[in-house]
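structure03.tsv follows (TSV, N, CA and C atoms):
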```tsv
chain	number	residue	atom	x	y	z
U	153	MET	N	106.54	100.81	112.90
U	153	MET	CA	106.57	101.00	111.47
U	153	MET	C	105.47	100.12	110.84
U	154	VAL	N	104.78	100.66	109.88
U	154	VAL	CA	103.70	99.95	109.21
U	154	VAL	C	104.29	99.09	108.10
U	155	GLN	N	103.85	97.82	108.05
U	155	GLN	CA	104.26	96.89	107.00
U	155	GLN	C	103.07	96.68	106.07
U	156	ARG	N	103.29	96.72	104.76
U	156	ARG	CA	102.20	96.56	103.80
U	156	ARG	C	102.50	95.40	102.86
U	157	LYS	N	101.45	94.63	102.54
U	157	LYS	CA	101.56	93.51	101.60
U	157	LYS	C	100.34	93.48	100.71
U	158	MET	N	100.54	93.00	99.47
U	158	MET	CA	99.44	92.79	98.53
U	158	MET	C	99.35	91.29	98.29
U	159	ILE	N	98.15	90.73	98.49
U	159	ILE	CA	97.93	89.29	98.38
U	159	ILE	C	96.85	89.04	97.34
U	160	PRO	N	97.13	88.22	96.31
U	160	PRO	CA	96.09	87.91	95.31
U	160	PRO	C	94.98	87.07	95.93
U	161	ALA	N	93.76	87.27	95.44
U	161	ALA	CA	92.61	86.50	95.91
U	161	ALA	C	91.77	86.08	94.70
U	162	ASP	N	90.80	85.21	94.93
U	162	ASP	CA	89.94	84.71	93.85
U	162	ASP	C	89.13	85.83	93.21
U	163	GLY	N	88.69	85.58	91.99
U	163	GLY	CA	87.76	86.47	91.31
U	163	GLY	C	88.34	87.78	90.84
U	164	GLY	N	89.66	87.86	90.69
U	164	GLY	CA	90.28	89.10	90.23
U	164	GLY	C	90.45	90.14	91.32
U	165	TYR	N	90.30	89.74	92.56
U	165	TYR	CA	90.48	90.65	93.69
U	165	TYR	C	91.90	90.54	94.22
U	166	ASN	N	92.33	91.59	94.91
U	166	ASN	CA	93.57	91.58	95.67
U	166	ASN	C	93.25	92.08	97.07
U	167	ILE	N	94.08	91.67	98.01
U	167	ILE	CA	93.92	92.09	99.40
U	167	ILE	C	95.18	92.84	99.80
U	168	ALA	N	95.02	94.10	100.16
U	168	ALA	CA	96.14	94.89	100.68
U	168	ALA	C	96.03	94.85	102.20
U	169	VAL	N	97.11	94.40	102.85
U	169	VAL	CA	97.11	94.28	104.31
U	169	VAL	C	98.21	95.18	104.87
U	170	ALA	N	97.85	95.93	105.89
U	170	ALA	CA	98.83	96.75	106.60
U	170	ALA	C	98.85	96.29	108.05
U	171	THR	N	100.05	96.00	108.55
U	171	THR	CA	100.20	95.61	109.95
U	171	THR	C	101.04	96.67	110.66
U	172	GLU	N	100.77	96.82	111.95
U	172	GLU	CA	101.52	97.80	112.73
U	172	GLU	C	101.66	97.31	114.16
U	173	GLN	N	102.87	97.47	114.70
U	173	GLN	CA	103.09	97.11	116.10
U	173	GLN	C	102.69	98.30	116.96
U	174	MET	N	101.82	98.03	117.92
U	174	MET	CA	101.28	99.08	118.78
U	174	MET	C	102.26	99.36	119.92
U	175	HIS	N	101.99	100.42	120.68
U	175	HIS	CA	102.88	100.82	121.78
U	175	HIS	C	103.03	99.73	122.83
U	176	ASP	N	102.00	98.92	123.01
U	176	ASP	CA	102.06	97.85	124.03
U	176	ASP	C	102.77	96.59	123.53
U	177	GLY	N	103.24	96.61	122.26
U	177	GLY	CA	103.96	95.47	121.72
U	177	GLY	C	103.08	94.52	120.91
U	178	ASN	N	101.77	94.62	121.04
U	178	ASN	CA	100.87	93.79	120.26
U	178	ASN	C	100.74	94.34	118.84
U	179	TRP	N	100.21	93.50	117.95
U	179	TRP	CA	100.08	93.86	116.54
U	179	TRP	C	98.64	94.06	116.14
U	180	ALA	N	98.43	95.01	115.24
U	180	ALA	CA	97.11	95.28	114.65
U	180	ALA	C	97.24	95.18	113.14
U	181	ALA	N	96.13	94.91	112.48
U	181	ALA	CA	96.15	94.83	111.01
U	181	ALA	C	94.84	95.35	110.45
U	182	VAL	N	94.93	95.94	109.27
U	182	VAL	CA	93.75	96.37	108.52
U	182	VAL	C	93.88	95.84	107.10
U	183	ALA	N	92.74	95.70	106.42
U	183	ALA	CA	92.75	95.18	105.06
U	183	ALA	C	91.91	96.06	104.15
U	184	THR	N	92.36	96.13	102.91
U	184	THR	CA	91.60	96.78	101.84
U	184	THR	C	91.46	95.78	100.72
U	185	VAL	N	90.25	95.59	100.24
U	185	VAL	CA	89.99	94.71	99.11
U	185	VAL	C	90.02	95.57	97.85
U	186	THR	N	90.79	95.15	96.86
U	186	THR	CA	90.83	95.88	95.60
U	186	THR	C	90.31	94.99	94.48
U	187	GLN	N	89.57	95.60	93.58
U	187	GLN	CA	89.02	94.89	92.43
U	187	GLN	C	89.36	95.71	91.19
U	188	SER	N	90.06	95.09	90.26
U	188	SER	CA	90.43	95.77	89.03
U	188	SER	C	89.51	95.36	87.90
U	189	THR	N	89.11	96.34	87.12
U	189	THR	CA	88.36	96.09	85.90
U	189	THR	C	89.23	96.56	84.75
U	190	GLY	N	88.73	96.50	83.55
U	190	GLY	CA	89.51	96.94	82.42
U	190	GLY	C	89.84	98.42	82.44
U	191	THR	N	89.02	99.21	83.14
U	191	THR	CA	89.19	100.66	83.10
U	191	THR	C	89.33	101.33	84.45
U	192	ALA	N	89.15	100.59	85.54
U	192	ALA	CA	89.17	101.23	86.85
U	192	ALA	C	89.61	100.25	87.94
U	193	GLN	N	89.86	100.81	89.11
U	193	GLN	CA	90.16	99.99	90.28
U	193	GLN	C	89.27	100.46	91.43
U	194	ARG	N	88.62	99.50	92.05
U	194	ARG	CA	87.72	99.78	93.18
U	194	ARG	C	88.42	99.34	94.45
U	195	ASN	N	88.46	100.22	95.45
U	195	ASN	CA	89.07	99.91	96.74
U	195	ASN	C	88.00	99.93	97.82
U	196	ILE	N	87.94	98.84	98.59
U	196	ILE	CA	86.98	98.73	99.68
U	196	ILE	C	87.75	98.59	100.98
U	197	ASP	N	87.77	99.63	101.80
U	197	ASP	CA	88.44	99.57	103.09
U	197	ASP	C	87.52	98.84	104.06
U	198	LEU	N	88.01	97.74	104.61
U	198	LEU	CA	87.20	96.98	105.57
U	198	LEU	C	87.26	97.67	106.94
U	199	PRO	N	86.26	97.42	107.79
U	199	PRO	CA	86.27	98.04	109.12
U	199	PRO	C	87.55	97.68	109.88
U	200	VAL	N	88.02	98.63	110.67
U	200	VAL	CA	89.23	98.41	111.46
U	200	VAL	C	88.87	97.52	112.64
U	201	PRO	N	89.49	96.33	112.71
U	201	PRO	CA	89.17	95.43	113.83
U	201	PRO	C	89.79	95.92	115.13
U	202	LYS	N	89.14	95.59	116.23
U	202	LYS	CA	89.66	95.94	117.55
U	202	LYS	C	90.66	94.91	118.06
U	203	GLU	N	90.68	93.75	117.42
U	203	GLU	CA	91.55	92.66	117.88
U	203	GLU	C	93.02	93.06	117.76
U	204	ARG	N	93.81	92.60	118.74
U	204	ARG	CA	95.26	92.77	118.73
U	204	ARG	C	95.89	91.39	118.90
U	205	PHE	N	97.11	91.22	118.39
U	205	PHE	CA	97.72	89.91	118.32
U	205	PHE	C	99.16	89.96	118.84
U	206	ALA	N	99.62	88.81	119.31
U	206	ALA	CA	100.96	88.72	119.86
U	206	ALA	C	102.03	88.80	118.77
U	207	THR	N	101.67	88.34	117.55
U	207	THR	CA	102.66	88.35	116.47
U	207	THR	C	102.10	89.07	115.24
U	208	GLU	N	103.03	89.56	114.43
U	208	GLU	CA	102.64	90.21	113.17
U	208	GLU	C	101.93	89.22	112.25
U	209	ALA	N	102.44	87.98	112.20
U	209	ALA	CA	101.84	86.96	111.34
U	209	ALA	C	100.38	86.68	111.72
U	210	ASP	N	100.10	86.61	113.02
U	210	ASP	CA	98.73	86.37	113.47
U	210	ASP	C	97.82	87.53	113.06
U	211	ALA	N	98.31	88.76	113.20
U	211	ALA	CA	97.51	89.93	112.81
U	211	ALA	C	97.24	89.92	111.31
U	212	GLU	N	98.27	89.62	110.53
U	212	GLU	CA	98.12	89.58	109.07
U	212	GLU	C	97.15	88.48	108.65
U	213	ASN	N	97.28	87.30	109.22
U	213	ASN	CA	96.38	86.19	108.89
U	213	ASN	C	94.93	86.53	109.21
U	214	PHE	N	94.69	87.20	110.33
U	214	PHE	CA	93.34	87.60	110.70
U	214	PHE	C	92.76	88.55	109.65
U	215	ALA	N	93.54	89.55	109.24
U	215	ALA	CA	93.07	90.54	108.27
U	215	ALA	C	92.80	89.88	106.91
U	216	VAL	N	93.65	88.94	106.50
U	216	VAL	CA	93.45	88.24	105.23
U	216	VAL	C	92.18	87.40	105.28
U	217	ARG	N	91.96	86.67	106.37
U	217	ARG	CA	90.73	85.88	106.53
U	217	ARG	C	89.49	86.76	106.47
U	218	MET	N	89.55	87.89	107.16
U	218	MET	CA	88.42	88.83	107.16
U	218	MET	C	88.14	89.33	105.74
U	219	ALA	N	89.18	89.64	104.98
U	219	ALA	CA	89.02	90.12	103.61
U	219	ALA	C	88.47	89.03	102.70
U	220	LYS	N	88.97	87.80	102.85
U	220	LYS	CA	88.47	86.70	102.02
U	220	LYS	C	87.00	86.42	102.30
U	221	GLU	N	86.60	86.53	103.56
U	221	GLU	CA	85.19	86.36	103.91
U	221	GLU	C	84.35	87.46	103.26
U	222	TRP	N	84.86	88.69	103.26
U	222	TRP	CA	84.14	89.79	102.62
U	222	TRP	C	83.98	89.51	101.12
U	223	ILE	N	85.05	89.05	100.49
U	223	ILE	CA	85.00	88.76	99.05
U	223	ILE	C	83.96	87.68	98.77
U	224	GLU	N	83.97	86.60	99.54
U	224	GLU	CA	83.01	85.51	99.33
U	224	GLU	C	81.56	86.00	99.46
U	225	LYS	N	81.30	86.88	100.41
U	225	LYS	CA	79.95	87.38	100.63
U	225	LYS	C	79.52	88.40	99.59
U	226	ASN	N	80.47	89.10	98.98
U	226	ASN	CA	80.14	90.22	98.11
U	226	ASN	C	80.48	90.02	96.65
U	227	MET	N	81.09	88.88	96.31
U	227	MET	CA	81.44	88.62	94.92
U	227	MET	C	80.17	88.39	94.11
U	228	PRO	N	80.06	89.01	92.93
U	228	PRO	CA	78.88	88.76	92.09
U	228	PRO	C	78.71	87.27	91.82
U	229	SER	N	77.47	86.82	91.70
U	229	SER	CA	77.17	85.39	91.58
U	229	SER	C	77.83	84.75	90.36
U	230	GLU	N	78.00	85.47	89.25
U	230	GLU	CA	78.63	84.83	88.08
U	230	GLU	C	80.09	84.45	88.37
U	231	HIS	N	80.77	85.20	89.26
U	231	HIS	CA	82.13	84.83	89.64
U	231	HIS	C	82.14	83.60	90.52
U	232	THR	N	81.23	83.53	91.47
U	232	THR	CA	81.22	82.38	92.38
U	232	THR	C	80.84	81.12	91.65
U	233	GLU	N	79.95	81.20	90.66
U	233	GLU	CA	79.58	80.01	89.89
U	233	GLU	C	80.77	79.51	89.09
U	234	ARG	N	81.58	80.42	88.52
U	234	ARG	CA	82.75	80.00	87.76
U	234	ARG	C	83.78	79.35	88.66
U	235	LEU	N	83.96	79.88	89.88
U	235	LEU	CA	84.96	79.33	90.80
U	235	LEU	C	84.57	77.95	91.29
U	236	GLU	N	83.28	77.67	91.40
U	236	GLU	CA	82.81	76.38	91.90
U	236	GLU	C	82.97	75.27	90.86
U	237	LYS	N	83.06	75.62	89.60
U	237	LYS	CA	83.15	74.61	88.53
U	237	LYS	C	84.55	74.07	88.37
```

Represent the structure of the file as structure tokens.
Amino acid sequence: MVQRKMIPADGGYNIAVATEQMHDGNWAAVATVTQSTGTAQRNIDLPVPKERFATEADAENFAVRMAKEWIEKNMPSEHTERLEK
């Protein structure tokens, strides 16, 4: 069964994480970064990682880290300057 969570992130972004237990008992996770504006919502599906994990928590943590790294690399500079102050 697929488990889904929404996690708030810096800069007005959210991270949607879906975890799933595979047939071999290991866990996989994928992440979608969402950015809301006053009039729209942008969804960025991150690449599906090949990594598998012994626990659901490990899979989820990996996907969240991957999404936060994407946000840091792709956040417009005016957002990163505000966060650093």

task = Could you check how far CA of Thr186 in chain U sits from CA of Glu212 in chain U, in Å to one decimal?
result =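 Pair CA of Thr186 in chain U / CA of Glu212 in chain U returns 16.6 Å.
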
query = Using all atoms listed in the file, which residues sit within 7 Å of range 168-182 of chain U once same-chain residues fewer than 6 positions away are excluded, as a PyMOL selection string?
reply = chain U and resi 153-159+198-201+203-208+211-212+215-216

task = Could you please determine the separation between atom N of Ala192 in chain U and atom N of Ile223 in chain U in Å, to one decimal place?
result = 19.3 Å

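The coordinates place CA of Lys202 in chain U at 22.0 Å from CA of Glu224 in chain U.
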
message = Residues of range 164-225 of chain U classed as strand (DSSP E) by DSSP on the backbone are to be reported as an MDAnalysis selection string.
response = chainID U and resid 165:173 179:188 193:197

task = Skip Ile196 in chain U itself and residues of its chain fewer than 3 positions away, then list as a list in words all residues within 8 Å of it, counting only N, CA and C atoms.
result = Ala183, Thr184, Val185, Thr186, Gln187, Gln193 and Pro199 of chain U

task = Rank U:Ala209, U:Lys220, U:Lys225, U:Phe214 by their smallest atom-to-atom distance to Ala161 in chain U, using only N, CA and C atoms, and report the top residue only.
result =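 Going through U:Ala209, U:Lys220, U:Lys225, U:Phe214 one by one, the smallest distance to Ala161 in chain U is for U:Lys220.
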
message = Give me, as a ChimeraX atom specification, the residues of chain U that a backbone DSSP run labels alpha helix (DSSP H).
response = /U:208-226,229-236
